[in-house]
Amino acid sequence: MPDRTRPTAAAAPAVSRRSLLCAAGAGTLAAALGGTPVPALAAPDDGAPGFTEVPVTRTDRVTVPAGYTARVLLPWGAPIAPGGPAWLPDASNTAAHAGQQVGTGHSGLHYLPLGPSREGTRNGVLVLGHAALDPALLHPDGGRADTAERAAKEIASLGATVVRVELSEGRWRMARDELNRRITADTPVVFSGPLAGHGALDTGAEPLGTTGGSAYAATPWHTYLTGEDAFADAFGTRAPSWRPRPDHEAYGLAADSARGWHRHLSRFDLARTPGEADRFGWVVEIDPFDPQGPPAKRTALGRLGHRGLVVARSLGRPVVYMTDDAHVYKFVAARPWREVRGPSASPLDEGALYALRLDADGTGTWLPLAHGRTGLTARDGFADQAAVLLRARRAAAAVGATGFRGPGRPAVHPRTGEVYLPEAGEGGGGRLLAWTEGSMDHAATVLAWREFARAGQGTGFASPGGVFSGADGRLWITTDVTGLGREDGREQLGNSALLCADPDTGRVRRFMTGPRGCGIAGVGATPDQRTLFVAVRGPGSSDARWGEPTAEDPRAVGNWPGFDPQGRPRCAVVAVRKDDGGTVGT
C-alpha cells in the first residue's frame with residue numbers, strides 16, 4: 001500500500017482551562033461541559049441495577065444471578081470448520097490442528113450482526129482475540145521440550161478467531177461458515193498509513209501476522225480492531241554481541257524471551273532480524289466479512305503495546321482512545337470515515353496522535369505526539385514523524401504524559417459521551433476514572449476528569465481491566481485478580497468477576513464470577529442487549545492463591561468447563577441470557 005500523507009495536528013474544539021476550573025468550583029466538571037453528572041460509585045441498594053448480586057465465589061464454575069443462564073460458546077480447541085480436528089483432552093493436538101481450531105488465551109471480543117436488525121440479534125460474527133497462553137496447559141509435557149513444534153503450536157494458538165454464530169432455540173452455537181478463519185503470526189498482513197513502505201519495517205521478507213492482543217474495538221464501518229500488547233514475549237536472541245537499542249526496554253524487548261520462538265525462527269531473533277520487532281505493536285484492523293482480505297496494521301495510530309481500544313466519533317471522524325501499560329492515547333482522524341473508505345484507503349491512515357496528561361485540579365490536556373518546531377525534535381531522540389510513531393511509547397514520556405499503573409480498556413457512554421478508564425493499580429487496588437472532553441467533542445484537546453470509583457468502595461472489586469458500554473449505556477467492568485495474594489485482600493475478593501454499574505445512579509452489582517484461576521477479559525453484546533458474550537481467559541492457570549497446573553496434574557487449579565477427569569481447563573466465551581428473554585442486567 002503506498003505511503004499516504006503524514007499525520008498533522010488536527011484542529012480541535014476546546015474550552016479554556018479557566019472555565020473548567022470555575023465550573024469545578026460551582027459543581028461537577030462534567031455538568032460544566034454539558035454532560036450528565038456521574039456520581040461516585042455508591043454502595044449497592046436492592047433493586048438496582050435490576051438483578052440480585054451474586055456473592056464472592058471461590059468455586060470452579062461460572063456464577064450468574066438467579067434468572068440467568070450462562071452457556072459455554074467457543075472453547076479453546078473447538079474446530080472452526082466442518083471436519084476440522086477435534087479437541088484432544090490430553091493437549092496432544094498439533095500445530096496444524098491448532099491453526100484450524102479456536103485459539104487459546106481468550107481476550108477482547110466483539111459481536112458484529114448480520115442481516116436486518118431483528119435477524120442481526122440472532123445471527124452475527126464474533127471476533128475473538130488470543131493474547132496469552134499457559135504452556136503447562138497447552139502442551140502435553142507442560143512445555144518442557146524446547147522444539148520447533150512447540151513454537152509452531154504456540155504461534156497457531158494465538159492471534160484471533162473469526163466465526164459466525166447464531167441463536168437457535170435459546171442457545172448460541174458456532175455456525176460452520178466460509179467467514180470462519182484463524183489469524184496468527186503466520187498470516188500475511190499489510191501496513192498502511194505513514195509508515196507503509198518505510199525502510200524501518202522492511203526486513204527483506206513479506207510481513208506476517210499478529211501475536212494477538214488484549215485490546216479490542218469495533219469501527220463504524222464494521223471492522224474489528226485489536227492491539228498487540230505482549231509481542232515482546234515472542235522475541236529474544238542468543239547472540240552474545242547483541243545490544244539493545246534505547247527503545248527496546250520501553251517495549252519490553254530483551255535477550256531473554258518468555259516463549260523462546262527465536263531459537264527456532266530467525267524472524268523472532270533480535271540479532272538476526274533486528275527490524276522484525278518493529279513490525280509488531282500496532283493496531284491491527286480485521287474485516288470479519290472479507291475472509292480473503294489481509295489484516296492491516298494502521299501505523300498512524302502509533303506503535304505501542306495496546307491494552308485497550310475504543311472508537312468514538314467527532315463530526316463523522318473516528319476517534320480512537322488507546323492505552324498501553326503506562327499511558328493513555330488518542331488518535332483523531334483527519335476526515336470523516338464515510339469520505340475515505342475504499343479498497344486502498346482507510347480513515348485510520350491520516351490524523352493526529354496525542355498522549356494524555358491529567359492535572360491535580362481536575363483538568364487534563366491531550367499532548368500532540370508530533371515532530372517539528374513546536375513538537376518533538378532530534379534533540380529529543382526523534383528524527384522525524386516516522387520515529388515518533390515507531391517509538392510512540394517513548395514519545396508519550398518525552399512530552400510529559402501522565403504515567404498510569406495498568407490502564408485498561410476504556411469505554412464511551414453512547415448517550416453522554418463520557419469516557420471511562422480502568423486503572424488496575426497495584427496490590428489489590430485499582431480505580432475507574434471518568435472524563436468529559438471539552439465542548440463535548442471527542443476531538444477536543446482539553447477535558448475535565450474525576451474519579452468515578454475506587455477499589456474497596458461499595459461492591460468489592462480489584463484490578464479492573466476493562467469497561468464495556470452497550471447500547472443502553474450500562475457499564476460492564478471486568479476484573480482479573482489472578483496475581484493477587486492474601487496480603488492484597490484476595491480472601492475477600494474471591495475469583496475474578498464481571499461487575500455491572502449504572503452511570504446515572506452510580507449503583508453497582510457483581511453480575512458474574514468466573515472459575516478458579518481465570519481473568520474476565522472481554523465483553524460484547526448483541527444490538528438488542530439480550531445476550532452478553534464474556535471471554536473467560538486462563539481458567540485453571542497459575543494463580544497466587546490456588547497454585548499452578550503441571551504436566552502431571554493440569555487440573556491442580558481447576559478443570560472448567562468440561563470437568564473431564566482426564567482433561568484440562570479451557571478458555572471459553574460464555575453467552576449469558578436472561579431466562580425470560582429480556583435485556584441482560586435489568
# chains A, B, ... in the order shown; residues from 1 in each chain; ligands from 1

$ residues_around --residues "region 195-201 of chain A" --least-positions-apart "6" --cutoff "12 Å" --atoms "only C-alpha atoms" --output "ChimeraX atom specification"
/A:1-7,189,207-208,273-280,282,296-303,344-345,349-350,384-391

$ write_last_selection --atoms "N, CA, C and O atoms" --output "compact mmCIF listing (two decimals), in the first residue's frame"
# COMPACT_ATOMS: atom_id res chain seq x y z
N MET A 1 0.84 -1.18 0.00
CA MET A 1 0.00 0.00 0.00
C MET A 1 0.89 1.24 0.00
O MET A 1 1.85 1.33 0.76
N PRO A 2 0.63 2.22 -0.87
CA PRO A 2 1.51 3.38 -0.95
C PRO A 2 1.46 4.24 0.29
O PRO A 2 0.48 4.26 1.03
N ASP A 3 2.55 4.98 0.48
CA ASP A 3 2.63 5.89 1.61
C ASP A 3 1.59 6.99 1.43
O ASP A 3 1.35 7.47 0.33
N ARG A 4 0.96 7.41 2.53
CA ARG A 4 -0.04 8.46 2.48
C ARG A 4 0.46 9.67 3.24
O ARG A 4 1.53 9.67 3.84
N THR A 5 -0.35 10.75 3.21
CA THR A 5 0.03 11.97 3.90
C THR A 5 0.34 11.69 5.36
O THR A 5 -0.40 10.99 6.04
N ARG A 6 1.42 12.23 5.85
CA ARG A 6 1.80 12.00 7.23
C ARG A 6 0.86 12.73 8.18
O ARG A 6 0.26 13.74 7.82
N PRO A 7 0.74 12.24 9.42
CA PRO A 7 -0.18 12.88 10.36
C PRO A 7 0.19 14.33 10.63
O PRO A 7 1.36 14.68 10.74
N VAL A 189 -0.04 -10.00 6.31
CA VAL A 189 -0.66 -8.73 6.68
C VAL A 189 -0.08 -7.63 5.79
O VAL A 189 0.91 -7.83 5.10
N PRO A 207 5.65 -9.13 5.29
CA PRO A 207 5.17 -9.03 6.68
C PRO A 207 4.13 -10.09 6.99
O PRO A 207 3.27 -10.40 6.17
N LEU A 208 4.25 -10.64 8.17
CA LEU A 208 3.35 -11.70 8.60
C LEU A 208 2.73 -11.38 9.95
O LEU A 208 3.42 -10.97 10.88
N THR A 273 17.31 -10.76 12.82
CA THR A 273 16.32 -9.97 12.08
C THR A 273 15.91 -8.79 12.94
O THR A 273 14.81 -8.75 13.50
N PRO A 274 16.78 -7.79 13.07
CA PRO A 274 16.53 -6.71 14.05
C PRO A 274 15.30 -5.88 13.76
O PRO A 274 14.74 -5.28 14.67
N GLY A 275 14.82 -5.83 12.51
CA GLY A 275 13.66 -4.99 12.22
C GLY A 275 12.32 -5.65 12.43
O GLY A 275 11.28 -4.98 12.40
N GLU A 276 12.32 -6.97 12.68
CA GLU A 276 11.04 -7.67 12.80
C GLU A 276 10.22 -7.18 13.99
O GLU A 276 8.99 -7.07 13.90
N ALA A 277 10.86 -6.87 15.10
CA ALA A 277 10.11 -6.42 16.28
C ALA A 277 9.38 -5.11 16.00
O ALA A 277 8.33 -4.85 16.60
N ASP A 278 9.92 -4.30 15.09
CA ASP A 278 9.25 -3.04 14.75
C ASP A 278 7.97 -3.27 13.96
O ASP A 278 7.16 -2.35 13.79
N ARG A 279 7.77 -4.47 13.47
CA ARG A 279 6.55 -4.80 12.75
C ARG A 279 5.40 -5.18 13.69
O ARG A 279 4.29 -5.46 13.24
N PHE A 280 5.68 -5.19 14.98
CA PHE A 280 4.66 -5.56 15.96
C PHE A 280 4.48 -4.40 16.95
O PHE A 280 5.38 -3.60 17.18
N TRP A 282 1.34 -2.67 16.77
CA TRP A 282 0.44 -1.76 16.06
C TRP A 282 -1.03 -2.14 16.29
O TRP A 282 -1.33 -3.25 16.71
N ALA A 296 -4.76 -5.40 8.35
CA ALA A 296 -3.94 -4.22 8.08
C ALA A 296 -3.46 -3.60 9.38
O ALA A 296 -4.25 -3.41 10.31
N LYS A 297 -2.18 -3.29 9.44
CA LYS A 297 -1.61 -2.62 10.61
C LYS A 297 -1.59 -1.13 10.33
O LYS A 297 -0.94 -0.67 9.38
N ARG A 298 -2.32 -0.38 11.15
CA ARG A 298 -2.55 1.05 10.93
C ARG A 298 -1.48 1.86 11.66
O ARG A 298 -1.57 2.13 12.87
N THR A 299 -0.46 2.28 10.92
CA THR A 299 0.71 2.89 11.56
C THR A 299 0.47 4.31 12.06
O THR A 299 1.22 4.79 12.90
N ALA A 300 -0.56 4.99 11.57
CA ALA A 300 -0.82 6.36 12.04
C ALA A 300 -1.21 6.39 13.51
O ALA A 300 -1.10 7.44 14.16
N LEU A 301 -1.65 5.25 14.06
CA LEU A 301 -2.07 5.20 15.46
C LEU A 301 -0.90 4.94 16.41
O LEU A 301 -1.10 4.90 17.63
N GLY A 302 0.29 4.77 15.88
CA GLY A 302 1.47 4.64 16.73
C GLY A 302 1.74 3.21 17.15
O GLY A 302 0.83 2.38 17.25
N ARG A 303 3.01 2.94 17.41
CA ARG A 303 3.43 1.61 17.88
C ARG A 303 3.51 1.66 19.40
O ARG A 303 4.31 2.38 19.97
N SER A 344 -8.13 0.90 -1.13
CA SER A 344 -6.74 1.21 -0.81
C SER A 344 -6.60 2.37 0.17
O SER A 344 -5.55 2.97 0.30
N ALA A 345 -7.69 2.71 0.87
CA ALA A 345 -7.64 3.83 1.80
C ALA A 345 -8.41 3.46 3.07
O ALA A 345 -9.34 2.67 3.04
N ASP A 349 -5.72 6.06 8.42
CA ASP A 349 -4.39 6.25 7.84
C ASP A 349 -3.86 7.67 7.97
O ASP A 349 -2.68 7.91 7.70
N GLU A 350 -4.69 8.61 8.35
CA GLU A 350 -4.26 10.00 8.41
C GLU A 350 -4.96 10.70 9.57
O GLU A 350 -6.18 10.62 9.71
N ASP A 384 12.24 12.28 12.92
CA ASP A 384 11.11 12.70 12.09
C ASP A 384 9.83 12.09 12.65
O ASP A 384 9.85 11.41 13.69
N GLN A 385 8.71 12.32 11.95
CA GLN A 385 7.43 11.80 12.44
C GLN A 385 7.40 10.29 12.43
O GLN A 385 6.74 9.66 13.29
N ALA A 386 8.09 9.68 11.49
CA ALA A 386 8.14 8.22 11.47
C ALA A 386 8.75 7.70 12.76
O ALA A 386 8.29 6.70 13.32
N ALA A 387 9.79 8.36 13.25
CA ALA A 387 10.42 7.95 14.51
C ALA A 387 9.47 8.12 15.68
O ALA A 387 9.45 7.31 16.62
N VAL A 388 8.64 9.17 15.65
CA VAL A 388 7.66 9.39 16.72
C VAL A 388 6.66 8.24 16.75
O VAL A 388 6.34 7.70 17.81
N LEU A 389 6.18 7.84 15.58
CA LEU A 389 5.19 6.77 15.52
C LEU A 389 5.80 5.42 15.89
O LEU A 389 5.17 4.61 16.59
N LEU A 390 7.02 5.17 15.46
CA LEU A 390 7.70 3.92 15.80
C LEU A 390 8.00 3.82 17.29
O LEU A 390 8.03 2.72 17.84
N ARG A 391 8.24 4.93 17.93
CA ARG A 391 8.60 4.96 19.35
C ARG A 391 7.56 5.75 20.14
O ARG A 391 7.89 6.56 20.99

$ residues_around --residues "Glu451 (chain A)" --least-positions-apart "6" --cutoff "9 Å" --atoms "only C-alpha atoms" --output "ChimeraX atom specification"
/A:40,431-435

$ write_last_selection --atoms "C-alpha atoms" --output "tab-separated table (two decimals), in the first residue's frame"
chain	number	residue	atom	x	y	z
A	40	ALA	CA	-19.24	8.47	42.83
A	431	ARG	CA	-9.97	2.64	40.25
A	432	LEU	CA	-12.13	3.94	37.43
A	433	LEU	CA	-11.75	7.44	36.06
A	434	ALA	CA	-14.36	9.34	34.07
A	435	TRP	CA	-13.88	12.39	31.90

$ closest_atom_pairs --of "region 461-580 of chain A" --to "region 52-69 of chain A" --cutoff "6 Å" --atoms "only C-alpha atoms" --output "tab-separated table"
residue	atom	partner	partner_atom	distance
A:Gly494	CA	A:Arg58	CA	5.2
A:Asn495	CA	A:Arg58	CA	5.6
A:Arg509	CA	A:Glu53	CA	5.3
A:Arg510	CA	A:Glu53	CA	5.2
A:Phe511	CA	A:Glu53	CA	5.9
A:Met512	CA	A:Val64	CA	4.7
A:Thr513	CA	A:Thr63	CA	5.2
A:Gly514	CA	A:Val62	CA	4.6
A:Pro515	CA	A:Asp60	CA	4.2
A:Arg516	CA	A:Asp60	CA	5.0
A:Gly558	CA	A:Asp60	CA	6.0
A:Val576	CA	A:Thr69	CA	5.7
A:Arg577	CA	A:Thr69	CA	5.6
A:Lys578	CA	A:Tyr68	CA	4.4
A:Asp579	CA	A:Tyr68	CA	5.3

$ write_last_selection --atoms "N, CA and C atoms" --output "compact mmCIF listing (two decimals), in the first residue's frame"
# COMPACT_ATOMS: atom_id res chain seq x y z
N GLY A 494 -12.26 -13.24 46.29
CA GLY A 494 -12.63 -14.45 45.58
C GLY A 494 -12.09 -14.46 44.16
N ASN A 495 -12.86 -15.05 43.24
CA ASN A 495 -12.42 -15.17 41.85
C ASN A 495 -12.66 -13.88 41.07
N ARG A 509 -23.41 -3.78 40.82
CA ARG A 509 -23.66 -5.13 41.28
C ARG A 509 -22.58 -6.05 40.71
N ARG A 510 -22.26 -7.08 41.47
CA ARG A 510 -21.42 -8.14 40.95
C ARG A 510 -22.33 -9.07 40.15
N PHE A 511 -22.16 -9.07 38.83
CA PHE A 511 -23.08 -9.80 37.97
C PHE A 511 -22.62 -11.25 37.73
N MET A 512 -21.34 -11.46 37.62
CA MET A 512 -20.85 -12.78 37.28
C MET A 512 -19.50 -13.01 37.93
N THR A 513 -19.23 -14.22 38.36
CA THR A 513 -17.89 -14.60 38.81
C THR A 513 -17.42 -15.76 37.95
N GLY A 514 -16.11 -15.80 37.73
CA GLY A 514 -15.54 -16.83 36.88
C GLY A 514 -14.98 -17.99 37.67
N PRO A 515 -14.49 -19.01 36.99
CA PRO A 515 -13.89 -20.17 37.66
C PRO A 515 -12.50 -19.85 38.20
N ARG A 516 -11.94 -20.76 38.94
CA ARG A 516 -10.63 -20.55 39.56
C ARG A 516 -9.55 -20.29 38.51
N GLY A 558 -7.97 -25.95 38.51
CA GLY A 558 -9.37 -26.08 38.12
C GLY A 558 -9.50 -26.94 36.88
N VAL A 576 -24.39 -15.24 27.92
CA VAL A 576 -25.28 -15.07 29.08
C VAL A 576 -26.60 -14.48 28.60
N ARG A 577 -27.70 -15.14 28.97
CA ARG A 577 -29.03 -14.67 28.61
C ARG A 577 -29.96 -14.73 29.80
N LYS A 578 -30.93 -13.83 29.79
CA LYS A 578 -31.96 -13.84 30.80
C LYS A 578 -32.97 -14.92 30.44
N ASP A 579 -33.39 -15.69 31.41
CA ASP A 579 -34.27 -16.82 31.14
C ASP A 579 -35.60 -16.41 30.51

$ closest_residue --among "A:Ser496, A:Thr586, A:Thr531, A:Ser346" --to "Val481 (chain A)" --atoms "only C-alpha atoms"
A:Ser496

$ closest_residue --among "A:Gln100, A:Leu348, A:Ala217, A:Gly260" --to "Gly193 (chain A)" --atoms "only C-alpha atoms"
A:Leu348

$ closest_residue --among "A:Arg394, A:Arg379, A:Lys330, A:Arg181" --to "Val419 (chain A)" --atoms "only C-alpha atoms"
A:Lys330
